[in-house]
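Asks: PDB, C-alpha atoms, saved as work.pdb, coming up:
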```
ATOM      1  CA  MET Q   1     -24.740   9.649  11.689  1.00  0.00           C
ATOM      2  CA  ASP Q   2     -21.237   8.473  12.567  1.00  0.00           C
ATOM      3  CA  GLY Q   3     -22.696   5.493  14.347  1.00  0.00           C
ATOM      4  CA  LEU Q   4     -24.598   4.562  11.206  1.00  0.00           C
ATOM      5  CA  ILE Q   5     -21.451   4.753   9.083  1.00  0.00           C
ATOM      6  CA  TYR Q   6     -19.396   2.704  11.537  1.00  0.00           C
ATOM      7  CA  GLY Q   7     -22.209   0.213  11.838  1.00  0.00           C
ATOM      8  CA  ALA Q   8     -22.499  -0.112   8.054  1.00  0.00           C
ATOM      9  CA  ARG Q   9     -18.774  -0.582   7.730  1.00  0.00           C
ATOM     10  CA  ARG Q  10     -18.701  -3.163  10.506  1.00  0.00           C
ATOM     11  CA  LEU Q  11     -21.610  -5.036   8.946  1.00  0.00           C
ATOM     12  CA  GLY Q  12     -19.956  -4.770   5.550  1.00  0.00           C
ATOM     13  CA  GLY Q  13     -16.714  -6.218   6.873  1.00  0.00           C
ATOM     14  CA  LEU Q  14     -18.537  -9.035   8.617  1.00  0.00           C
ATOM     15  CA  LEU Q  15     -20.487  -9.938   5.490  1.00  0.00           C
ATOM     16  CA  LEU Q  16     -17.367  -9.774   3.346  1.00  0.00           C
ATOM     17  CA  ALA Q  17     -15.721 -12.304   5.686  1.00  0.00           C
ATOM     18  CA  VAL Q  18     -18.844 -14.495   5.679  1.00  0.00           C
ATOM     19  CA  GLY Q  19     -18.821 -14.380   1.882  1.00  0.00           C
ATOM     20  CA  GLY Q  20     -15.199 -15.504   1.893  1.00  0.00           C
ATOM     21  CA  VAL Q  21     -15.918 -18.449   4.178  1.00  0.00           C
ATOM     22  CA  GLY Q  22     -18.935 -19.420   2.079  1.00  0.00           C
ATOM     23  CA  SER Q  23     -16.839 -19.194  -1.059  1.00  0.00           C
ATOM     24  CA  LEU Q  24     -14.223 -21.505   0.453  1.00  0.00           C
ATOM     25  CA  VAL Q  25     -16.868 -24.039   1.487  1.00  0.00           C
ATOM     26  CA  ALA Q  26     -18.545 -23.929  -1.928  1.00  0.00           C
ATOM     27  CA  GLY Q  27     -15.188 -24.371  -3.642  1.00  0.00           C
ATOM     28  CA  GLY Q  28     -14.404 -27.346  -1.426  1.00  0.00           C
ATOM     29  CA  LEU Q  29     -17.752 -28.973  -2.174  1.00  0.00           C
ATOM     30  CA  HIS Q  30     -17.628 -28.342  -5.908  1.00  0.00           C
ATOM     31  CA  PRO Q  31     -16.803 -31.503  -7.885  1.00  0.00           C
ATOM     32  CA  SER Q  32     -13.710 -31.317 -10.053  1.00  0.00           C
ATOM     33  CA  PRO Q  33     -13.509 -33.448 -13.184  1.00  0.00           C
ATOM     34  CA  ARG Q  34     -10.573 -35.824 -13.339  1.00  0.00           C
ATOM     35  CA  GLY Q  35      -9.265 -37.796 -16.280  1.00  0.00           C
ATOM     36  CA  VAL Q  36     -11.443 -36.031 -18.824  1.00  0.00           C
ATOM     37  CA  GLU Q  37     -10.288 -34.432 -22.032  1.00  0.00           C
ATOM     38  CA  THR Q  38     -13.304 -32.629 -23.388  1.00  0.00           C
ATOM     39  CA  PHE Q  39     -15.478 -29.919 -21.961  1.00  0.00           C
ATOM     40  CA  HIS Q  40     -18.559 -32.093 -22.487  1.00  0.00           C
ATOM     41  CA  ASP Q  41     -17.090 -34.949 -20.444  1.00  0.00           C
ATOM     42  CA  ALA Q  42     -16.050 -32.529 -17.721  1.00  0.00           C
ATOM     43  CA  MET Q  43     -19.587 -31.169 -17.464  1.00  0.00           C
ATOM     44  CA  VAL Q  44     -21.114 -34.667 -17.395  1.00  0.00           C
ATOM     45  CA  SER Q  45     -18.671 -35.683 -14.670  1.00  0.00           C
ATOM     46  CA  MET Q  46     -19.492 -32.668 -12.521  1.00  0.00           C
ATOM     47  CA  LEU Q  47     -23.257 -32.741 -13.093  1.00  0.00           C
ATOM     48  CA  SER Q  48     -23.324 -36.423 -12.089  1.00  0.00           C
ATOM     49  CA  ASN Q  49     -21.606 -35.736  -8.795  1.00  0.00           C
ATOM     50  CA  PRO Q  50     -24.043 -35.750  -5.828  1.00  0.00           C
ATOM     51  CA  PHE Q  51     -22.295 -32.689  -4.364  1.00  0.00           C
ATOM     52  CA  TRP Q  52     -23.204 -30.514  -7.366  1.00  0.00           C
ATOM     53  CA  PRO Q  53     -26.414 -29.100  -5.848  1.00  0.00           C
ATOM     54  CA  ALA Q  54     -24.868 -28.582  -2.393  1.00  0.00           C
ATOM     55  CA  ALA Q  55     -21.902 -26.678  -3.818  1.00  0.00           C
ATOM     56  CA  HIS Q  56     -24.113 -24.301  -5.775  1.00  0.00           C
ATOM     57  CA  TRP Q  57     -26.658 -23.809  -3.009  1.00  0.00           C
ATOM     58  CA  THR Q  58     -23.762 -22.856  -0.734  1.00  0.00           C
ATOM     59  CA  ALA Q  59     -22.442 -20.408  -3.309  1.00  0.00           C
ATOM     60  CA  LEU Q  60     -25.910 -18.967  -3.779  1.00  0.00           C
ATOM     61  CA  VAL Q  61     -26.443 -18.426  -0.073  1.00  0.00           C
ATOM     62  CA  ALA Q  62     -22.949 -16.976   0.396  1.00  0.00           C
ATOM     63  CA  ASP Q  63     -23.334 -14.666  -2.563  1.00  0.00           C
ATOM     64  CA  SER Q  64     -26.879 -13.450  -2.385  1.00  0.00           C
ATOM     65  CA  SER Q  65     -25.922  -9.815  -2.339  1.00  0.00           C
ATOM     66  CA  TRP Q  66     -24.032 -10.324   0.905  1.00  0.00           C
ATOM     67  CA  TYR Q  67     -20.455  -9.776   0.014  1.00  0.00           C
ATOM     68  CA  GLY Q  68     -21.315  -7.692  -3.000  1.00  0.00           C
ATOM     69  CA  ARG Q  69     -23.229  -5.280  -0.857  1.00  0.00           C
ATOM     70  CA  SER Q  70     -20.690  -5.557   1.909  1.00  0.00           C
ATOM     71  CA  CYS Q  71     -17.698  -4.622  -0.226  1.00  0.00           C
ATOM     72  CA  TYR Q  72     -19.648  -1.664  -1.573  1.00  0.00           C
ATOM     73  CA  SER Q  73     -20.625  -0.278   1.795  1.00  0.00           C
ATOM     74  CA  TRP Q  74     -17.188  -1.083   3.167  1.00  0.00           C
ATOM     75  CA  THR Q  75     -15.314   1.092   0.655  1.00  0.00           C
ATOM     76  CA  ALA Q  76     -18.019   3.694   0.214  1.00  0.00           C
ATOM     77  CA  ALA Q  77     -17.931   4.320   3.935  1.00  0.00           C
ATOM     78  CA  GLY Q  78     -14.136   4.479   3.840  1.00  0.00           C
TER      79      GLY Q  78
ATOM     80  CA  MET T   1      -9.863   2.245   2.974  1.00  0.00           C
ATOM     81  CA  ASN T   2      -9.342   5.476   1.119  1.00  0.00           C
ATOM     82  CA  GLY T   3     -12.368   5.254  -1.145  1.00  0.00           C
ATOM     83  CA  SER T   4     -10.216   5.803  -4.251  1.00  0.00           C
ATOM     84  CA  VAL T   5     -11.738   5.820  -7.704  1.00  0.00           C
ATOM     85  CA  GLY T   6     -10.199   2.424  -8.430  1.00  0.00           C
ATOM     86  CA  ALA T   7     -11.533   0.907  -5.215  1.00  0.00           C
ATOM     87  CA  LEU T   8     -15.016   2.279  -5.780  1.00  0.00           C
ATOM     88  CA  ALA T   9     -15.033   1.122  -9.400  1.00  0.00           C
ATOM     89  CA  GLY T  10     -13.847  -2.318  -8.287  1.00  0.00           C
ATOM     90  CA  ALA T  11     -16.490  -2.461  -5.576  1.00  0.00           C
ATOM     91  CA  ARG T  12     -19.252  -1.626  -8.031  1.00  0.00           C
ATOM     92  CA  LEU T  13     -18.004  -4.118 -10.616  1.00  0.00           C
ATOM     93  CA  ALA T  14     -17.666  -6.819  -7.943  1.00  0.00           C
ATOM     94  CA  THR T  15     -21.171  -6.031  -6.719  1.00  0.00           C
ATOM     95  CA  LEU T  16     -22.647  -6.380 -10.185  1.00  0.00           C
ATOM     96  CA  GLY T  17     -20.624  -9.531 -10.852  1.00  0.00           C
ATOM     97  CA  THR T  18     -21.686 -11.075  -7.562  1.00  0.00           C
ATOM     98  CA  LEU T  19     -25.362 -10.385  -8.118  1.00  0.00           C
ATOM     99  CA  PHE T  20     -25.113 -11.719 -11.666  1.00  0.00           C
ATOM    100  CA  MET T  21     -23.379 -14.865 -10.440  1.00  0.00           C
ATOM    101  CA  SER T  22     -26.042 -15.353  -7.768  1.00  0.00           C
ATOM    102  CA  VAL T  23     -28.568 -15.780 -10.569  1.00  0.00           C
ATOM    103  CA  GLN T  24     -26.105 -18.002 -12.387  1.00  0.00           C
ATOM    104  CA  TRP T  25     -25.800 -20.347  -9.355  1.00  0.00           C
ATOM    105  CA  ALA T  26     -29.551 -20.868  -9.497  1.00  0.00           C
ATOM    106  CA  VAL T  27     -29.324 -21.764 -13.183  1.00  0.00           C
ATOM    107  CA  GLU T  28     -26.576 -24.274 -12.385  1.00  0.00           C
ATOM    108  CA  ILE T  29     -28.709 -25.889  -9.697  1.00  0.00           C
ATOM    109  CA  ALA T  30     -31.515 -26.254 -12.214  1.00  0.00           C
ATOM    110  CA  ALA T  31     -29.150 -27.662 -14.863  1.00  0.00           C
ATOM    111  CA  ARG T  32     -28.851 -30.985 -13.086  1.00  0.00           C
ATOM    112  CA  SER T  33     -32.294 -31.965 -14.365  1.00  0.00           C
ATOM    113  CA  ALA T  34     -30.871 -31.860 -17.884  1.00  0.00           C
ATOM    114  CA  LEU T  35     -28.101 -34.342 -17.084  1.00  0.00           C
ATOM    115  CA  ASP T  36     -29.561 -37.236 -19.090  1.00  0.00           C
ATOM    116  CA  ALA T  37     -30.117 -35.135 -22.177  1.00  0.00           C
ATOM    117  CA  TYR T  38     -26.688 -33.566 -21.867  1.00  0.00           C
ATOM    118  CA  THR T  39     -25.014 -36.957 -21.409  1.00  0.00           C
ATOM    119  CA  GLY T  40     -26.803 -38.240 -24.494  1.00  0.00           C
ATOM    120  CA  GLY T  41     -25.406 -35.428 -26.577  1.00  0.00           C
ATOM    121  CA  ALA T  42     -28.691 -33.640 -27.089  1.00  0.00           C
ATOM    122  CA  ALA T  43     -28.791 -29.881 -27.457  1.00  0.00           C
ATOM    123  CA  VAL T  44     -29.335 -28.494 -23.961  1.00  0.00           C
ATOM    124  CA  PRO T  45     -30.086 -24.768 -23.929  1.00  0.00           C
ATOM    125  CA  ILE T  46     -29.483 -24.441 -20.183  1.00  0.00           C
ATOM    126  CA  ALA T  47     -25.878 -25.614 -20.649  1.00  0.00           C
ATOM    127  CA  SER T  48     -25.306 -22.938 -23.268  1.00  0.00           C
ATOM    128  CA  LEU T  49     -26.886 -20.408 -20.936  1.00  0.00           C
ATOM    129  CA  ILE T  50     -24.470 -21.384 -18.141  1.00  0.00           C
ATOM    130  CA  ASP T  51     -21.498 -20.999 -20.468  1.00  0.00           C
ATOM    131  CA  ALA T  52     -22.609 -17.573 -21.585  1.00  0.00           C
ATOM    132  CA  MET T  53     -23.397 -16.384 -18.069  1.00  0.00           C
ATOM    133  CA  GLN T  54     -20.089 -17.606 -16.670  1.00  0.00           C
ATOM    134  CA  ALA T  55     -18.105 -16.141 -19.545  1.00  0.00           C
ATOM    135  CA  VAL T  56     -19.495 -12.748 -18.494  1.00  0.00           C
ATOM    136  CA  GLY T  57     -20.008 -13.202 -14.756  1.00  0.00           C
ATOM    137  CA  TRP T  58     -16.614 -14.552 -13.713  1.00  0.00           C
ATOM    138  CA  PRO T  59     -14.629 -11.748 -15.395  1.00  0.00           C
ATOM    139  CA  ALA T  60     -16.904  -9.124 -13.836  1.00  0.00           C
ATOM    140  CA  LEU T  61     -16.616 -10.658 -10.381  1.00  0.00           C
ATOM    141  CA  GLY T  62     -12.926 -11.526 -10.647  1.00  0.00           C
ATOM    142  CA  PHE T  63     -11.654  -8.301 -12.161  1.00  0.00           C
ATOM    143  CA  GLY T  64     -13.882  -6.278  -9.845  1.00  0.00           C
ATOM    144  CA  PHE T  65     -12.461  -7.896  -6.733  1.00  0.00           C
ATOM    145  CA  ALA T  66      -8.931  -7.706  -8.159  1.00  0.00           C
ATOM    146  CA  LEU T  67      -9.331  -3.960  -8.609  1.00  0.00           C
ATOM    147  CA  LEU T  68     -10.833  -3.616  -5.156  1.00  0.00           C
ATOM    148  CA  ALA T  69      -8.056  -5.573  -3.444  1.00  0.00           C
ATOM    149  CA  ALA T  70      -5.279  -3.838  -5.373  1.00  0.00           C
ATOM    150  CA  CYS T  71      -6.659  -0.347  -4.743  1.00  0.00           C
ATOM    151  CA  VAL T  72      -7.192  -0.850  -1.015  1.00  0.00           C
ATOM    152  CA  PRO T  73      -3.693  -1.941   0.076  1.00  0.00           C
ATOM    153  CA  ALA T  74      -4.511  -1.380   3.751  1.00  0.00           C
ATOM    154  CA  SER T  75      -7.216  -4.046   3.585  1.00  0.00           C
ATOM    155  CA  ALA T  76      -4.800  -6.872   4.459  1.00  0.00           C
ATOM    156  CA  PRO T  77      -1.072  -7.656   4.655  1.00  0.00           C
ATOM    157  CA  ARG T  78       0.679  -7.114   1.323  1.00  0.00           C
ATOM    158  CA  LEU T  79       1.102 -10.826   0.613  1.00  0.00           C
ATOM    159  CA  VAL T  80      -2.605 -11.479   1.191  1.00  0.00           C
ATOM    160  CA  VAL T  81      -3.516  -8.528  -1.050  1.00  0.00           C
ATOM    161  CA  ILE T  82      -1.250  -9.820  -3.830  1.00  0.00           C
ATOM    162  CA  LEU T  83      -2.593 -13.364  -3.501  1.00  0.00           C
ATOM    163  CA  GLY T  84      -6.174 -12.111  -3.435  1.00  0.00           C
ATOM    164  CA  ALA T  85      -5.776  -9.854  -6.454  1.00  0.00           C
ATOM    165  CA  ALA T  86      -3.910 -12.520  -8.433  1.00  0.00           C
ATOM    166  CA  GLY T  87      -6.500 -15.134  -7.487  1.00  0.00           C
ATOM    167  CA  ALA T  88      -9.305 -12.827  -8.551  1.00  0.00           C
ATOM    168  CA  VAL T  89      -7.650 -12.197 -11.921  1.00  0.00           C
ATOM    169  CA  ALA T  90      -7.247 -15.965 -12.367  1.00  0.00           C
ATOM    170  CA  LEU T  91     -10.937 -16.390 -11.599  1.00  0.00           C
ATOM    171  CA  GLY T  92     -11.857 -13.785 -14.185  1.00  0.00           C
ATOM    172  CA  LEU T  93      -9.661 -15.424 -16.816  1.00  0.00           C
ATOM    173  CA  THR T  94     -11.193 -18.831 -16.081  1.00  0.00           C
ATOM    174  CA  GLY T  95     -14.598 -17.553 -17.099  1.00  0.00           C
ATOM    175  CA  LEU T  96     -13.245 -16.472 -20.444  1.00  0.00           C
ATOM    176  CA  LEU T  97     -10.991 -19.467 -21.109  1.00  0.00           C
ATOM    177  CA  ALA T  98     -12.804 -22.432 -19.548  1.00  0.00           C
ATOM    178  CA  GLN T  99     -16.424 -21.415 -20.016  1.00  0.00           C
ATOM    179  CA  GLY T 100     -16.160 -19.089 -22.993  1.00  0.00           C
ATOM    180  CA  LEU T 101     -13.611 -20.978 -25.062  1.00  0.00           C
ATOM    181  CA  HIS T 102     -14.098 -24.442 -23.489  1.00  0.00           C
ATOM    182  CA  ILE T 103     -10.405 -24.914 -22.717  1.00  0.00           C
ATOM    183  CA  VAL T 104     -10.655 -27.673 -20.105  1.00  0.00           C
ATOM    184  CA  GLN T 105      -7.080 -27.218 -18.880  1.00  0.00           C
ATOM    185  CA  ALA T 106      -7.882 -23.642 -17.864  1.00  0.00           C
ATOM    186  CA  GLY T 107     -10.244 -24.981 -15.206  1.00  0.00           C
ATOM    187  CA  VAL T 108      -7.340 -25.202 -12.782  1.00  0.00           C
ATOM    188  CA  LEU T 109      -7.404 -21.402 -12.592  1.00  0.00           C
ATOM    189  CA  PHE T 110     -10.599 -21.719 -10.550  1.00  0.00           C
ATOM    190  CA  LEU T 111      -8.263 -22.441  -7.636  1.00  0.00           C
ATOM    191  CA  GLY T 112      -7.584 -18.719  -7.625  1.00  0.00           C
ATOM    192  CA  GLY T 113     -10.912 -18.438  -5.852  1.00  0.00           C
ATOM    193  CA  HIS T 114      -9.324 -19.797  -2.674  1.00  0.00           C
ATOM    194  CA  ARG T 115      -6.789 -16.944  -2.661  1.00  0.00           C
ATOM    195  CA  LEU T 116      -9.544 -14.432  -3.202  1.00  0.00           C
ATOM    196  CA  ALA T 117     -11.564 -15.997  -0.368  1.00  0.00           C
ATOM    197  CA  LEU T 118      -8.557 -15.655   1.946  1.00  0.00           C
ATOM    198  CA  TRP T 119      -8.349 -11.932   1.142  1.00  0.00           C
ATOM    199  CA  MET T 120     -12.101 -11.518   1.649  1.00  0.00           C
ATOM    200  CA  ILE T 121     -11.947 -13.097   5.096  1.00  0.00           C
ATOM    201  CA  TRP T 122      -8.900 -11.124   6.149  1.00  0.00           C
ATOM    202  CA  ALA T 123     -10.119  -7.795   4.754  1.00  0.00           C
ATOM    203  CA  GLY T 124     -13.591  -8.316   6.176  1.00  0.00           C
ATOM    204  CA  ILE T 125     -12.364  -9.058   9.676  1.00  0.00           C
ATOM    205  CA  ARG T 126      -9.875  -6.184   9.543  1.00  0.00           C
ATOM    206  CA  ALA T 127     -12.563  -3.723   8.419  1.00  0.00           C
ATOM    207  CA  CYS T 128     -14.826  -4.996  11.184  1.00  0.00           C
ATOM    208  CA  ILE T 129     -12.161  -4.591  13.869  1.00  0.00           C
ATOM    209  CA  ARG T 130     -11.029  -1.178  12.643  1.00  0.00           C
ATOM    210  CA  SER T 131     -14.513   0.270  12.481  1.00  0.00           C
ATOM    211  CA  THR T 132     -15.201  -1.003  15.988  1.00  0.00           C
ATOM    212  CA  ALA T 133     -11.911   0.439  17.304  1.00  0.00           C
ATOM    213  CA  THR T 134     -12.521   3.773  15.584  1.00  0.00           C
ATOM    214  CA  LYS T 135     -16.001   4.028  17.026  1.00  0.00           C
ATOM    215  CA  VAL T 136     -14.773   3.263  20.527  1.00  0.00           C
ATOM    216  CA  SER T 137     -11.821   5.648  20.363  1.00  0.00           C
ATOM    217  CA  SER T 138     -13.592   8.670  18.877  1.00  0.00           C
ATOM    218  CA  PRO T 139     -16.980   9.262  20.468  1.00  0.00           C
ATOM    219  CA  GLY T 140     -17.065  12.856  19.259  1.00  0.00           C
ATOM    220  CA  GLU T 141     -13.909  14.166  20.893  1.00  0.00           C
ATOM    221  CA  PRO T 142     -10.431  14.713  19.461  1.00  0.00           C
ATOM    222  CA  GLN T 143      -8.046  11.801  19.841  1.00  0.00           C
ATOM    223  CA  ALA T 144      -5.350  13.858  21.617  1.00  0.00           C
ATOM    224  CA  GLN T 145      -7.657  14.854  24.479  1.00  0.00           C
ATOM    225  CA  ARG T 146      -8.337  11.248  25.333  1.00  0.00           C
ATOM    226  CA  HIS T 147      -4.755  10.650  26.417  1.00  0.00           C
ATOM    227  CA  HIS T 148      -4.841  13.335  29.101  1.00  0.00           C
TER     228      HIS T 148
END
```
So that I can check it, write out the structure of this file as structure tokens.
Replies:
Amino acid sequence: MDGLIYGARRLGGLLLAVGGVGSLVAGGLHPSPRGVETFHDAMVSMLSNPFWPAAHWTALVADSSWYGRSCYSWTAAG
Amino acid sequence: MNGSVGALAGARLATLGTLFMSVQWAVEIAARSALDAYTGGAAVPIASLIDAMQAVGWPALGFGFALLAACVPASAPRLVVILGAAGAVALGLTGLLAQGLHIVQAGVLFLGGHRLALWMIWAGIRACIRSTATKVSSPGEPQAQRHH
């Protein structure tokens, strides 16, 4: 039983770190609007950027229950 | 990693926020197909959906992780914990201000996500190392006996 708990915590920690790296990569890829004054213009600027899909696919892969589940198991096991 | 009420509440809120935002990322990917209509000023329901989802999702994710980081001080060095919690709060506020109220200038608060990511990496690696060390050092026998 102890092995299961330690294993879950180790996996949780690993996935939390992976989620953090994925979040950094997604944030780096995400287009940021420059020189715009309205929310509409900001959205048009970002949606037009070719990196828009890549940034959100990265976030989706990094998120998909990985670090959510990991932080849960990490503290619950604590 | 004391499993305090605050840490557990934060973990659950962060979990819910993360899962919710995972769905939201998919909506954002799909939104690109509405670019022409959105640029032309037409009513685009998917854009309104993104705003609503982010106005709820970012605060849940951000405040959940802020609570988690703040209530588990042993997760990382104090400076990293403070940066992570502050970054997570900034992320939560961005959802309300930038997406909910459309205050463009508030978008800069999204940079708080980098601080949160730093905490996640540090805390994740530390939890991984500690659980490995604990498993190795206590295979069912008291710690004191191992030094004899």
Asks: Output the residue selection produced by the PyMOL selection byres ((chain T and resi 47-52) around 12) on the file above, formatted as number ranges by chain.
Replies: Q: 39-40, 43-44, 47; T: 20-21, 23-35, 37-39, 41-46, 53-59, 94-103
Asks: Report the distance between CA of Trp57 in chain Q and CA of Ser45 in chain Q in Å, rounded to one decimal place.
Replies: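 Result for CA of Trp57 in chain Q versus CA of Ser45 in chain Q: 18.5 Å, one decimal.
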Asks: Taking all atoms listed in the file into account, report as a ChimeraX atom specification which residues of chain T lie within 8 Å of chain Q.
Replies: /T:1-3,7-8,11-12,14-16,18-19,21-23,25-26,28-29,31-32,35,38-39,102-104,113-114,116-129,131-132,135
Asks: Kindly give the distance, in Å, that separates CA of Gly112 in chain T and CA of Gly92 in chain T, rounded to a single decimal.
Replies: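 Interatomic distance, CA of Gly112 in chain T to CA of Gly92 in chain T: 9.3 Å.
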Asks: Between CA of Leu29 in chain Q and CA of Val108 in chain T, what distance in Å does the model show, to one decimal?
Replies: 15.3 Å
